[in-house]
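Participant: Here it is, the structure in full.
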Amino acid sequence: MFNRAKIKNCVNHFYFIYFLYVAKQLIYIYKRIFKYNFIFTAKIMILLEQNNRIICELLEQKFSAAKTNGKFDSVNVVFADFDGVMYKVSNPDGDRLKLMLSISLKFYKELQEHGADELIKREYEHFLSKTPESGYNISLIFNLADISDDFMDIVKKASFLKRNCFASVFEKYFKFQEEGQEGERRAVVHFREDETLFVEAKSDRVTVIFSTIFKDPDDVIIGKIFLQEFREGRKASQTAPQIIYSVGEPPLELKNCSEAKIGPNVGYITFVLFPRHTNKKARDDTINLIYTFRDYLHYHIKCSKAYLHSRMRAKTNDFLKVLNRARPETKERRKR
């Protein structure tokens with residue numbers, strides 16, 4: 001007969017060894033996840049789309065139906081994007097010949113201080129509504145009866161509406177740097193609840209700082225490992241921008257800033273952009289990658305946790321199979 005106490009001790013010992021194994025493998029797994037060749041062109045990591053896929057598909061469908069088949073269906077769709085942004089696609093006043101795309105950003109007033117209205121007018125002059133839809137900041141109106149043959153260019157530009165709102169801040173401070181202007185007031189944009197974007201220009205650089213909140217203590221650790229790999233990646237490419245990461249305390253650039261929060265779950269990611277990143281040829285790509293970085297970081301933290309959990313569950317199942325095979329068979333007593 002097997003001693004139940006000994007079996008229990010063996011099982012407890014097994015779980016102890018198992019968790020030691022998991023702890024030992026964490027760094028190895030992270031390195032496998034976060035290995036890449038260039039800071040902005042990761043092969044394993046997923047680069048989030050800078051535009052909105054729903055806008056692309058919806059407008060393409062409606063434009064194509066109107067142009068090819070002469071169909072003008074009614075539409076009323078509301079959907080969300082990162083950073084609390086809301087979109088609405090509808091027919092203004094029920095007119096099926098027209099399509100209205102509206103966007104709502106909680107922080108749009110802060111973007112207006114940095115020329116968002118002028119940039120939107122420059123990009124969408126022919127489609128911009130003078131009066132935005134109620135509850136929204138910007139509305140674009142498209143006449144389906146007079147849509148051009150190359151409507152895909154219009155669709156693509158419309159899908160970058162949120163990006164172009166953000167771009168006003170970066171373009172303004174890139175211009176300050178290009179013209180050698182110093183001493184300009186730092187841009188502060190509260191793009192999420194308790195999270196802030198800071199942009200500051202000097203004659204030789206533009207500093208972009210994201211503050212972010214980690215709701216889970218594990219996210220702090222994963223985020224730190226994630227950003228350490230960015231630092232390592234810079235060694236392979238001297239043209240990549242410098243990235244500085246800190247938790248709890250704001251960087252020196254925000255030392256006297258009242259907007260900078262302090263706490264064990266507050267992280268700061270600093271990008272130091274030099275003229276090679278902010279010149280006219282490179283600035284569009286830089287803006288595309290910078291403005292989505294906060295979402296990019298948290299997306300990959302969640303993916304990493306999901307990957308680790310799946311690996312742990314798979315390994316646990318393997319160990320349970322071993323234990324089941326080692327279970328003693330019960331011998332039936334023969335009745336005499």
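Labeling convention for the structure tokens: chains A, B, ... as they appear, residues from 1 per chain, ligands from 1 in order of appearance.
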Please identify the helix (DSSP H, G or I) residues within segment 87-297 of chain A (assignment by DSSP from backbone atoms) and present them as a PyMOL selection string.

Facilitator: chain A and resi 92-94+108-112+116-123+144-146+151-159+161-178+217-236+252-254+275-278+283-290+293-297

Participant: Considering only C-alpha atoms, return as a list in words whatever protein or nucleic-acid residues lie within 8 Å of segment 204-221 of chain A, sequence-local ones (same chain, fewer than 3 positions apart) excluded.

Facilitator: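 Everything that qualifies: Tyr173, Phe174, Gln177, Gly180, Asp194, Glu195, Thr196, Leu197, Phe198, Val199, Glu200, Ala201, Lys224, Ile225, Val247, Ala260, Asn265, Val266, Gly267, Tyr268, Ile269, Thr270, Phe271, Val272, Leu273, Phe274, Pro275, Arg294 and Ile301 of chain A.
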
Participant: Limited to N, CA and C atoms, could you put the picked residues into a file as a tab-separated table (two decimals), in the first residue's frame?

Facilitator:
chain	number	residue	atom	x	y	z
A	173	TYR	N	6.44	70.96	-33.15
A	173	TYR	CA	7.72	70.93	-32.41
A	173	TYR	C	8.87	70.47	-33.29
A	174	PHE	N	8.59	69.71	-34.33
A	174	PHE	CA	9.63	69.39	-35.31
A	174	PHE	C	10.07	70.67	-36.02
A	177	GLN	N	12.35	72.73	-33.78
A	177	GLN	CA	13.71	72.19	-33.79
A	177	GLN	C	14.43	72.55	-35.08
A	180	GLY	N	15.58	75.99	-35.02
A	180	GLY	CA	16.48	76.30	-33.92
A	180	GLY	C	15.84	77.09	-32.79
A	194	ASP	N	-5.31	59.68	-16.78
A	194	ASP	CA	-4.11	59.48	-15.97
A	194	ASP	C	-2.86	59.22	-16.80
A	195	GLU	N	-2.92	59.40	-18.11
A	195	GLU	CA	-1.75	59.20	-18.96
A	195	GLU	C	-1.56	60.43	-19.85
A	196	THR	N	-0.30	60.83	-20.01
A	196	THR	CA	-0.02	62.12	-20.64
A	196	THR	C	1.12	62.00	-21.65
A	197	LEU	N	1.03	62.85	-22.67
A	197	LEU	CA	2.09	62.97	-23.68
A	197	LEU	C	2.76	64.33	-23.50
A	198	PHE	N	4.10	64.33	-23.44
A	198	PHE	CA	4.87	65.57	-23.32
A	198	PHE	C	5.79	65.67	-24.54
A	199	VAL	N	5.83	66.86	-25.15
A	199	VAL	CA	6.71	67.09	-26.30
A	199	VAL	C	7.44	68.40	-26.08
A	200	GLU	N	8.76	68.36	-26.25
A	200	GLU	CA	9.59	69.55	-26.03
A	200	GLU	C	10.66	69.61	-27.11
A	201	ALA	N	10.92	70.82	-27.60
A	201	ALA	CA	11.90	71.00	-28.68
A	201	ALA	C	13.11	71.79	-28.21
A	224	LYS	N	9.41	46.53	-18.58
A	224	LYS	CA	10.84	46.85	-18.41
A	224	LYS	C	11.70	45.97	-19.29
A	225	ILE	N	11.41	44.66	-19.32
A	225	ILE	CA	12.16	43.73	-20.16
A	225	ILE	C	11.96	44.08	-21.63
A	247	VAL	N	10.52	53.91	-14.07
A	247	VAL	CA	9.28	53.57	-13.35
A	247	VAL	C	9.29	54.28	-12.00
A	260	ALA	N	3.58	65.73	-14.10
A	260	ALA	CA	4.25	64.43	-14.02
A	260	ALA	C	3.89	63.73	-12.72
A	265	ASN	N	3.37	52.35	-10.02
A	265	ASN	CA	2.80	51.79	-11.25
A	265	ASN	C	2.81	52.79	-12.40
A	266	VAL	N	3.57	53.87	-12.25
A	266	VAL	CA	3.67	54.89	-13.30
A	266	VAL	C	4.98	54.71	-14.05
A	267	GLY	N	4.89	54.57	-15.36
A	267	GLY	CA	6.08	54.42	-16.19
A	267	GLY	C	6.24	55.59	-17.14
A	268	TYR	N	7.48	55.91	-17.46
A	268	TYR	CA	7.79	56.99	-18.39
A	268	TYR	C	8.69	56.45	-19.49
A	269	ILE	N	8.28	56.67	-20.73
A	269	ILE	CA	9.08	56.27	-21.89
A	269	ILE	C	9.48	57.53	-22.64
A	270	THR	N	10.78	57.76	-22.77
A	270	THR	CA	11.31	58.96	-23.39
A	270	THR	C	11.97	58.63	-24.72
A	271	PHE	N	11.56	59.32	-25.77
A	271	PHE	CA	12.20	59.22	-27.08
A	271	PHE	C	12.98	60.50	-27.34
A	272	VAL	N	14.23	60.36	-27.70
A	272	VAL	CA	15.06	61.51	-28.07
A	272	VAL	C	15.23	61.47	-29.59
A	273	LEU	N	14.55	62.39	-30.26
A	273	LEU	CA	14.53	62.42	-31.73
A	273	LEU	C	15.48	63.49	-32.23
A	274	PHE	N	16.39	63.09	-33.10
A	274	PHE	CA	17.37	64.00	-33.67
A	274	PHE	C	16.91	64.45	-35.06
A	275	PRO	N	17.61	65.42	-35.65
A	275	PRO	CA	17.18	65.93	-36.96
A	275	PRO	C	16.99	64.86	-38.03
A	294	ARG	N	2.35	53.93	-27.27
A	294	ARG	CA	1.74	53.52	-26.00
A	294	ARG	C	0.85	52.30	-26.20
A	301	ILE	N	2.53	43.69	-24.14
A	301	ILE	CA	2.53	43.19	-22.76
A	301	ILE	C	1.43	42.16	-22.58

Participant: Between A:Ala145, A:Ala116, A:Leu323, A:Ala240, which has the minimum distance to Lys98 of chain A (counting only C-alpha atoms)?

Facilitator: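 Counting only C-alpha atoms, the residue closest to Lys98 of chain A is A:Ala145.
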
Participant: Could you pull out the residues in segment 183-319 of chain A that DSSP calls strand (DSSP E or B) from the backbone, as a ChimeraX atom specification?

Facilitator: /A:187-192,195-201,206-213,242-247,266-273

Participant: Once you have the residues from the selection above, write them out as a compact mmCIF listing (two decimals), in the first residue's frame, restricted to N, CA and C atoms.

Facilitator:
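File produced: out_16.txt:
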# COMPACT_ATOMS: atom_id res chain seq x y z
N ALA A 187 4.61 70.98 -24.78
CA ALA A 187 3.26 70.51 -25.09
C ALA A 187 2.86 69.43 -24.10
N VAL A 188 1.66 69.54 -23.55
CA VAL A 188 1.13 68.55 -22.61
C VAL A 188 -0.24 68.13 -23.11
N VAL A 189 -0.37 66.85 -23.46
CA VAL A 189 -1.63 66.32 -23.99
C VAL A 189 -2.07 65.15 -23.14
N HIS A 190 -3.22 65.26 -22.50
CA HIS A 190 -3.77 64.18 -21.67
C HIS A 190 -4.58 63.24 -22.57
N PHE A 191 -3.87 62.38 -23.28
CA PHE A 191 -4.52 61.57 -24.30
C PHE A 191 -5.30 60.39 -23.74
N ARG A 192 -5.07 60.05 -22.49
CA ARG A 192 -5.85 59.02 -21.80
C ARG A 192 -6.03 59.45 -20.34
N GLU A 195 -2.92 59.40 -18.11
CA GLU A 195 -1.75 59.20 -18.96
C GLU A 195 -1.56 60.43 -19.85
N THR A 196 -0.30 60.83 -20.01
CA THR A 196 -0.02 62.12 -20.64
C THR A 196 1.12 62.00 -21.65
N LEU A 197 1.03 62.85 -22.67
CA LEU A 197 2.09 62.97 -23.68
C LEU A 197 2.76 64.33 -23.50
N PHE A 198 4.10 64.33 -23.44
CA PHE A 198 4.87 65.57 -23.32
C PHE A 198 5.79 65.67 -24.54
N VAL A 199 5.83 66.86 -25.15
CA VAL A 199 6.71 67.09 -26.30
C VAL A 199 7.44 68.40 -26.08
N GLU A 200 8.76 68.36 -26.25
CA GLU A 200 9.59 69.55 -26.03
C GLU A 200 10.66 69.61 -27.11
N ALA A 201 10.92 70.82 -27.60
CA ALA A 201 11.90 71.00 -28.68
C ALA A 201 13.11 71.79 -28.21
N VAL A 206 14.26 66.76 -30.42
CA VAL A 206 12.88 66.86 -29.92
C VAL A 206 12.69 65.70 -28.95
N THR A 207 12.25 66.01 -27.75
CA THR A 207 12.04 64.98 -26.73
C THR A 207 10.55 64.69 -26.60
N VAL A 208 10.20 63.43 -26.77
CA VAL A 208 8.80 62.98 -26.65
C VAL A 208 8.73 62.01 -25.47
N ILE A 209 7.86 62.31 -24.52
CA ILE A 209 7.74 61.49 -23.31
C ILE A 209 6.29 61.03 -23.15
N PHE A 210 6.12 59.73 -22.99
CA PHE A 210 4.82 59.15 -22.67
C PHE A 210 4.81 58.74 -21.20
N SER A 211 3.78 59.14 -20.48
CA SER A 211 3.56 58.54 -19.16
C SER A 211 2.46 57.51 -19.31
N THR A 212 2.61 56.38 -18.65
CA THR A 212 1.62 55.31 -18.77
C THR A 212 1.41 54.66 -17.42
N ILE A 213 0.22 54.12 -17.24
CA ILE A 213 -0.15 53.47 -15.99
C ILE A 213 -0.18 51.96 -16.19
N GLN A 242 17.17 57.34 -29.36
CA GLN A 242 17.45 56.89 -28.01
C GLN A 242 16.14 56.73 -27.24
N ILE A 243 16.04 55.65 -26.46
CA ILE A 243 14.85 55.40 -25.64
C ILE A 243 15.28 55.24 -24.19
N ILE A 244 14.64 56.00 -23.31
CA ILE A 244 14.92 55.94 -21.87
C ILE A 244 13.64 55.55 -21.16
N TYR A 245 13.77 54.60 -20.24
CA TYR A 245 12.59 54.07 -19.55
C TYR A 245 12.80 54.18 -18.05
N SER A 246 11.78 54.65 -17.35
CA SER A 246 11.86 54.74 -15.89
C SER A 246 10.50 54.44 -15.29
N VAL A 247 10.52 53.91 -14.07
CA VAL A 247 9.28 53.57 -13.35
C VAL A 247 9.29 54.28 -12.00
N VAL A 266 3.57 53.87 -12.25
CA VAL A 266 3.67 54.89 -13.30
C VAL A 266 4.98 54.71 -14.05
N GLY A 267 4.89 54.57 -15.36
CA GLY A 267 6.08 54.42 -16.19
C GLY A 267 6.24 55.59 -17.14
N TYR A 268 7.48 55.91 -17.46
CA TYR A 268 7.79 56.99 -18.39
C TYR A 268 8.69 56.45 -19.49
N ILE A 269 8.28 56.67 -20.73
CA ILE A 269 9.08 56.27 -21.89
C ILE A 269 9.48 57.53 -22.64
N THR A 270 10.78 57.76 -22.77
CA THR A 270 11.31 58.96 -23.39
C THR A 270 11.97 58.63 -24.72
N PHE A 271 11.56 59.32 -25.77
CA PHE A 271 12.20 59.22 -27.08
C PHE A 271 12.98 60.50 -27.34
N VAL A 272 14.23 60.36 -27.70
CA VAL A 272 15.06 61.51 -28.07
C VAL A 272 15.23 61.47 -29.59
N LEU A 273 14.55 62.39 -30.26
CA LEU A 273 14.53 62.42 -31.73
C LEU A 273 15.48 63.49 -32.23

Participant: So which one's closest to Phe170 of chain A, A:Leu252, A:Ile290, A:Ile103, A:Ile138? Using only C-alpha atoms, please.

Facilitator: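 That would be A:Ile290, the residue with the smallest distance to Phe170 of chain A.
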
Participant: Using only C-alpha atoms, which residue out of A:Gln50, A:Ser148, A:Ser104, A:Gln61 lies closest to Pro132 of chain A?

Facilitator: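 The answer is A:Ser104, which sits nearest to Pro132 of chain A.
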
Participant: Excluding Lys156 of chain A and its own-chain neighbours fewer than 3 positions away, which residues fall within 9 Å of it when counting only C-alpha atoms? Please give them as a PyMOL selection string.

Facilitator: chain A and resi 51+55-56+151-153+159-160

Participant: Create the file for the chosen residues now, containing C-alpha atoms and written as a PDB file, in the first residue's frame.

Facilitator:
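Once everything was written out, this is out_29.pdb:
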ATOM      1  CA  ASN A  51      -4.916  53.977 -39.728  1.00  0.00           C
ATOM      2  CA  ILE A  55     -13.033  53.088 -41.743  1.00  0.00           C
ATOM      3  CA  CYS A  56     -11.095  51.607 -44.669  1.00  0.00           C
ATOM      4  CA  PHE A 151     -11.589  56.903 -54.320  1.00  0.00           C
ATOM      5  CA  MET A 152      -9.098  54.605 -52.564  1.00  0.00           C
ATOM      6  CA  ASP A 153      -6.843  57.617 -51.978  1.00  0.00           C
ATOM      7  CA  SER A 159      -8.682  56.327 -42.237  1.00  0.00           C
ATOM      8  CA  PHE A 160      -5.744  58.436 -40.967  1.00  0.00           C
TER       9      PHE A 160
END
